[in-house]
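Asker: Structure in structure tokens, see below.
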Protein chains: 4
Amino acid sequence: MDIPVKKLLFSCDYLEGAHPKIMRRLMETNLWKSPGYGADSFSQEARARIRSACGAPQAEVYFLTGGTQTNAVVIGAMLASYQGVIAAESGHISVHEAGAVEAGGHKVLTVPHTLGKISAGQVRDVLASYWQDETHEHMVMPGMVYLSQPTEYGTLYSLKELQDIGDVCQTYHIPLYVDGARLAYALACPENDVTLKDLARLSDAFYIGGTKCGALFGEALVLPKPRTIPCFFSVMKQSGAVLAKGRMLGIQFLELFTDGLYEHIGENAIRTSGKIKAALREYGYQLYMETPTNQIFCVLEDGQMERLSELVEFSFWEKPDETHTVVRFATSWATSEDDVAQLIGILRGQQP
Amino acid sequence: MDIPVKKLLFSCDYLEGAHPKIMRRLMETNLWKSPGYGADSFSQEARARIRSACGAPQAEVYFLTGGTQTNAVVIGAMLASYQGVIAAESGHISVHEAGAVEAGGHKVLTVPHTLGKISAGQVRDVLASYWQDETHEHMVMPGMVYLSQPTEYGTLYSLKELQDIGDVCQTYHIPLYVDGARLAYALACPENDVTLKDLARLSDAFYIGGTKCGALFGEALVLPKPRTIPCFFSVMKQSGAVLAKGRMLGIQFLELFTDGLYEHIGENAIRTSGKIKAALREYGYQLYMETPTNQIFCVLEDGQMERLSELVEFSFWEKPDETHTVVRFATSWATSEDDVAQLIGILRGQQP
Amino acid sequence: MDIPVKKLLFSCDYLEGAHPKIMRRLMETNLWKSPGYGADSFSQEARARIRSACGAPQAEVYFLTGGTQTNAVVIGAMLASYQGVIAAESGHISVHEAGAVEAGGHKVLTVPHTLGKISAGQVRDVLASYWQDETHEHMVMPGMVYLSQPTEYGTLYSLKELQDIGDVCQTYHIPLYVDGARLAYALACPENDVTLKDLARLSDAFYIGGTKCGALFGEALVLPKPRTIPCFFSVMKQSGAVLAKGRMLGIQFLELFTDGLYEHIGENAIRTSGKIKAALREYGYQLYMETPTNQIFCVLEDGQMERLSELVEFSFWEKPDETHTVVRFATSWATSEDDVAQLIGILRGQQP
Amino acid sequence: MDIPVKKLLFSCDYLEGAHPKIMRRLMETNLWKSPGYGADSFSQEARARIRSACGAPQAEVYFLTGGTQTNAVVIGAMLASYQGVIAAESGHISVHEAGAVEAGGHKVLTVPHTLGKISAGQVRDVLASYWQDETHEHMVMPGMVYLSQPTEYGTLYSLKELQDIGDVCQTYHIPLYVDGARLAYALACPENDVTLKDLARLSDAFYIGGTKCGALFGEALVLPKPRTIPCFFSVMKQSGAVLAKGRMLGIQFLELFTDGLYEHIGENAIRTSGKIKAALREYGYQLYMETPTNQIFCVLEDGQMERLSELVEFSFWEKPDETHTVVRFATSWATSEDDVAQLIGILRGQQP
């Protein structure tokens, strides 16, 4: 137990603890007393700063402990019982949350994705088909749209794409919800043109990811328009999503929203993933798709994958055919240059 | 934000952060890399130590983030859809979890409490009545028993009482589940004769509370018999109850189960609450009931309550009549002698 | 199979099929073709007549197949996820629906009953306590009131009592829902002063019972104000509560609301139960409570109960002590004078 | 209200009431007294005859009121909370039950269909993929297979196809459930080689459709192996799926299983649909697919569809392109030769 894990790990972006500033503040304030359940002054100040960063002075901000929890609670609270949520087939809620949305009683209405994204046209088609069908009362009403920024494949919605989806949602009077589990990596990405203020303006709910973006854990849900979800505290409590020592979340987001930390915390991940992508291209590896953020998807022949996996840990993603595998390398706010150099050395040594 | 809260606070036992040993270990290991979702070596070792402390080498141990979450997930997983859970009317699941058990589809079958406790006889009566009723198929089947140690009122089940309830459960082939949100305060209490090993022997599931017992957050669910709940990881995931950086929970429980910390961490709370109870008696205050652990319930005339509340923060509990109020003072592992002395001074100054 | 059951049965009020007028109409129309799911002209006309009988020209009327289904679907649709329903401890939803309301995610917030009834004062207390409690966000919000007319014990709310409960509901902006499983027996009762028009004026939803009041099956839900429950057809469909051949329900309620049948169909039950009650008193039996409608509750010494049960079938209700049992005799729209005479003969022969 | 609907209707197979034998028996027995909730002797005898017809002397048989209800209750009862049900994208539970399965907490794991059917290979792939994925604990476990016989498109699984799917289910220890809403039309079809006995041998649960096969309403769920679903009565009751006058269902199925009525009741539908299909081919209409049972899918140019729809009512099915529509004609046990002749006359007059 006393020996740190020393293997070269690029399997995900939540391998480490928290940003040192967060840890320092947790230590400093450890024996201060504060009321529970988010009523503490750290949480209040963190909420104020998030409202300010989002240009949404009326916004309600809630802190939850994880992404699946946030998605399930928000979607469950925003849908009527007879409604479902439109999402990409590859969406996190569609695949990797063990059916949490369905456990809450709602169907995920999936549409095929393109590089992890869905389009305004696809959303419109689902809605138009439903309302044009004479028997739609026998079907699940599409009641909101879920997307993630960045997507499961690390790609980004452009501001134009997001506006178009938002327009369709407005036309059909349904809310747009954005899962920002890795939002810091979008914000730090040169290709990105969607700001926190844009998200607050275009969506009805979104969350600012902490767990994968430098916090020990925690997500900040932003409801730009107040009273979007009535009695949301009770909804959270009923879902086991209220932390007794709410200040734990308040302190972390307070630090993340001090001196612009959140907008910059992803830069290291973008820079280091850029180096790795360049190396992969240089050494003749096949990228599965071009992704601008911190996740790198690479197609490996299975033998080569085996050899690489003895030297470095990455994630299994999917099998495009019998003899190849798509794997994922991820960098984070904490990835060291030293680890990157080691990885590049390995990639060079094992090139196809 | 830079000024610590300095009011005299005795409102609950989760006012502070975590025990210094936990904070130190979190700092030391902060940049170590480890796999997510509880597969890290900290969590593995913590589980091993808990199994050992419980004398239950086959036990499964899971870490969750909070008490309401743990109760809802465990009860939901252990009951069949047509079953409900027997609990005291004053039980946490009956009153203070915003209907989390019902949100999961199950009725809480309440029985009146005596000093926060229910008896084997009451449990037997509920079960016997159900099975003797010819129309019981139209009713909710009592499918498990929930109790907490200590109870909502800080009282303790004796080993004999617990054995008797366990015997009834065995007779009727239903599981016994013990909510140990404040278990450290029971273990540190001289009046207590129920050990971790007893709980592991007599119950089918129980949780060792972290949030209220010195951790930043977190509860350790113990299932003494393996495979009590199939696929429990997926159940947790579906409920939004899996922490991505699972090591956060592992590290905390590892520290709590190093050098017997958990068995002793409540001693300060017991000692300090003893002093406060003695002062209350000496100065003529009326205790609502005698409780051996860290929660003190006191009946105040409303005018006196107003005056006291300007000097010290405590919890509102209930109103026994129009002009009196039951309030709660709570001590914790972190309560300082200085704060206790101040409180006693105030109590002397405001005596009835 | 070819021999009709000939035992003297007074166990409930749904022992027979349907009123002969209903059967005749079902036969006449059997091979007519009509669209499904309640769009048929029988259902349309039945809805129009119910609206008229209720003096509620804007009302929405839906037909469901049974009482538990109706209660669960309506309560689930009218409550927000964080709300529960106030009901008598003896209420059908509290005891005899196998936890259907909880299976839909909602707590039944029980209050003690007096002769099966709850009072406006009790309802006000539950609501006031909730809203006055500082920690109410951790509790289940009382979100509607459920009562039944007649009650589980066959007693009746007076118009004044109903108005008072309705006033409390309006003050707290929560809906009042009335379960009318046996409503015809109330309407036929001389002591009753609550009409269908009163129910439509004072409640937000109520159902007119068919199953226990002369139909083969079926209940007519009345929502006096349109759009009380959005998309209720889909809610019903999702709950498995839409009958494909909806005309089956339409035809039955059309007959029940032709020539005032529903208002009079219970009269036979009231008259026959009156005779039985008179006989019980005359022969020295102890009535458990005075009830004006078609259910008769009688306390029997257990030996006597055994002897009686060999001659006539009644329902077990509850055990007030070790040696006595409360049993129920029920009459219905179909109870014959001959059966009543036989029963009275038996009661005379077995008098205590 | 007194004039029967006289338009030429081929829109579905539940336009009429019930088979005359059923109506006659309901009339005969109308004033007999019998106990409720399925304990009556009609239901007992009906169950015995179904067991006999299925060659499953140990089977449990339950009567429910409709197909969506039966599917939702059975699937909800057979799956663990973390499991989903494999079904065709075109399956009734996937599309036309308003999300009833999801409302019960479970994901429908859809696979593409071929003529409404799924194959053993597809089922195996879903199961193999799940179990091979290292992260499957984060996903919904495929926990049962749903298919319907005939399918939504009126096609039939062959005995071989059904055996193959059953084999895969056995390999993976998951149950196979068959929705027989229109089972009588399969049994009456010359192309069919799957008997009731085969269904009882190969599936873990299936239902014998009444609503669409000559009953007023009702489905008979068969669980060939006893105790497949514990406490199923309470599960039904909790779901609002128990009929108080259970004999209504018992009498209907008793008639359907007297003198082989159920095996033959679909023959009229098969014969009449055969005539219509022949006419469609003769007059140059384009059949959407070849279907052996009582549903006929035809592709119409939209202008022609408009003209036809003024003369006869059929169902909209889907739009394969901008200018064409797939429509459905359905025949039933009650379709008259006269109506068929009229329809053929119209088809001849409007031929493309």
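Starting from 1 in every chain, residues are counted up; chains themselves are A, B, ... following the order of the structure tokens, and ligands are numbered from 1 as listed.
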Give me the residues near Thr325 (chain A) as a PyMOL selection string, where near means some atom within 12 Å (using only C-alpha atoms) and where sequence neighbours in that chain fewer than 4 positions away do not count.

Answerer: chain A and resi 286-288+297-306+314-321

Asker: Can I get the selected residues back with C-alpha atoms, as a PDB file, in the first residue's frame?

Answerer:
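And here's selection37.pdb as it stands now:
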ATOM      1  CA  GLN A 286      -3.961   4.872 -37.797  1.00  0.00           C
ATOM      2  CA  LEU A 287      -6.099   7.355 -35.909  1.00  0.00           C
ATOM      3  CA  TYR A 288      -9.710   6.219 -35.661  1.00  0.00           C
ATOM      4  CA  PHE A 297      -8.661   7.000 -30.557  1.00  0.00           C
ATOM      5  CA  CYS A 298      -6.276   4.754 -32.440  1.00  0.00           C
ATOM      6  CA  VAL A 299      -6.837   1.571 -34.474  1.00  0.00           C
ATOM      7  CA  LEU A 300      -4.343  -1.152 -33.598  1.00  0.00           C
ATOM      8  CA  GLU A 301      -3.770  -4.555 -35.076  1.00  0.00           C
ATOM      9  CA  ASP A 302      -4.471  -6.985 -32.235  1.00  0.00           C
ATOM     10  CA  GLY A 303      -0.934  -8.361 -31.967  1.00  0.00           C
ATOM     11  CA  GLN A 304       0.492  -4.898 -31.761  1.00  0.00           C
ATOM     12  CA  MET A 305      -2.140  -3.964 -29.189  1.00  0.00           C
ATOM     13  CA  GLU A 306      -1.019  -6.876 -27.029  1.00  0.00           C
ATOM     14  CA  PHE A 314      -4.920   2.456 -22.335  1.00  0.00           C
ATOM     15  CA  SER A 315      -8.654   1.794 -22.733  1.00  0.00           C
ATOM     16  CA  PHE A 316     -10.351  -0.775 -24.903  1.00  0.00           C
ATOM     17  CA  TRP A 317     -12.955   1.037 -27.007  1.00  0.00           C
ATOM     18  CA  GLU A 318     -14.439  -1.200 -29.665  1.00  0.00           C
ATOM     19  CA  LYS A 319     -13.608  -3.824 -32.277  1.00  0.00           C
ATOM     20  CA  PRO A 320     -14.080  -2.575 -35.869  1.00  0.00           C
ATOM     21  CA  ASP A 321     -13.197  -6.014 -37.244  1.00  0.00           C
TER      22      ASP A 321
END

Asker: Near chain A, meaning an atom within 8 Å, which residues of chain B appear when counting only C-alpha atoms? Write them as a ChimeraX atom specification.

Answerer: /B:1,4-6,9,14-18,23,27,29-36,41-42,45,65-70,72,97-100,103,211,216-217,234-235,237-245,248,334

Asker: What is the distance, in Å and to one decimal place, between CA of Ile344 (chain D) and CA of Ala279 (chain D)?

Answerer: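 Going from CA of Ile344 (chain D) over to CA of Ala279 (chain D) covers 6.4 Å.
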
Asker: Can you tell me which residues surround region 258-270 of chain A at a distance of at most 8 Å, considering only C-alpha atoms, apart from same-chain residues fewer than 4 positions away, and format the answer as a CSV table (one decimal) with N, CA and C atoms, in the first residue's frame?

Answerer:
chain,number,residue,atom,x,y,z
A,49,ARG,N,-19.6,32.7,-8.3
A,49,ARG,CA,-18.6,32.8,-9.3
A,49,ARG,C,-19.0,32.1,-10.6
A,184,ALA,N,-13.9,21.3,-19.3
A,184,ALA,CA,-12.6,22.0,-19.3
A,184,ALA,C,-11.7,21.7,-20.5
A,185,TYR,N,-11.8,20.5,-21.0
A,185,TYR,CA,-11.0,20.2,-22.2
A,185,TYR,C,-11.5,20.8,-23.4
A,186,ALA,N,-12.8,21.1,-23.5
A,186,ALA,CA,-13.4,21.8,-24.6
A,186,ALA,C,-12.9,23.3,-24.5
A,187,LEU,N,-13.1,23.8,-23.3
A,187,LEU,CA,-12.8,25.3,-23.1
A,187,LEU,C,-11.3,25.6,-23.4
A,188,ALA,N,-10.4,24.6,-23.2
A,188,ALA,CA,-9.0,24.8,-23.4
A,188,ALA,C,-8.5,24.5,-24.8
A,189,CYS,N,-9.5,24.2,-25.7
A,189,CYS,CA,-9.1,23.7,-27.0
A,189,CYS,C,-9.2,24.8,-28.0
A,213,CYS,N,-12.0,16.9,-14.5
A,213,CYS,CA,-11.3,18.2,-14.8
A,213,CYS,C,-10.6,18.8,-13.6
A,214,GLY,N,-10.1,18.0,-12.8
A,214,GLY,CA,-9.2,18.5,-11.7
A,214,GLY,C,-9.7,18.5,-10.3
A,254,LEU,N,-15.1,26.5,-5.8
A,254,LEU,CA,-14.6,27.8,-5.5
A,254,LEU,C,-13.2,28.0,-6.0
A,274,GLY,N,-1.8,16.7,-28.0
A,274,GLY,CA,-1.3,17.1,-29.4
A,274,GLY,C,0.0,16.4,-29.7
A,292,PRO,N,-10.2,16.9,-31.4
A,292,PRO,CA,-9.4,18.0,-31.0
A,292,PRO,C,-9.1,18.1,-29.5
A,293,THR,N,-9.7,17.2,-28.7
A,293,THR,CA,-9.5,17.4,-27.3
A,293,THR,C,-8.6,16.3,-26.7
A,294,ASN,N,-8.8,15.9,-25.5
A,294,ASN,CA,-7.8,15.1,-24.8
A,294,ASN,C,-7.9,13.6,-24.9
A,331,THR,N,-5.2,12.1,-22.0
A,331,THR,CA,-4.4,12.9,-21.2
A,331,THR,C,-5.3,13.7,-20.2
A,332,SER,N,-4.6,14.4,-19.3
A,332,SER,CA,-5.4,15.1,-18.3
A,332,SER,C,-4.7,16.4,-17.9
A,333,TRP,N,-5.3,17.2,-17.0
A,333,TRP,CA,-4.7,18.4,-16.5
A,333,TRP,C,-3.4,18.0,-15.7
A,334,ALA,N,-3.2,16.7,-15.4
A,334,ALA,CA,-2.1,16.3,-14.5
A,334,ALA,C,-1.0,15.5,-15.3
A,335,THR,N,-1.3,15.2,-16.6
A,335,THR,CA,-0.3,14.4,-17.3
A,335,THR,C,1.1,15.1,-17.4

Asker: Just the residues within 12 Å of Gly143 (chain A), please, counting only C-alpha atoms, with nothing from its chain fewer than 6 positions along; format it as a PyMOL selection string.

Answerer: chain A and resi 75-87+106-109+123+126-127+130-131+169-170+172-177
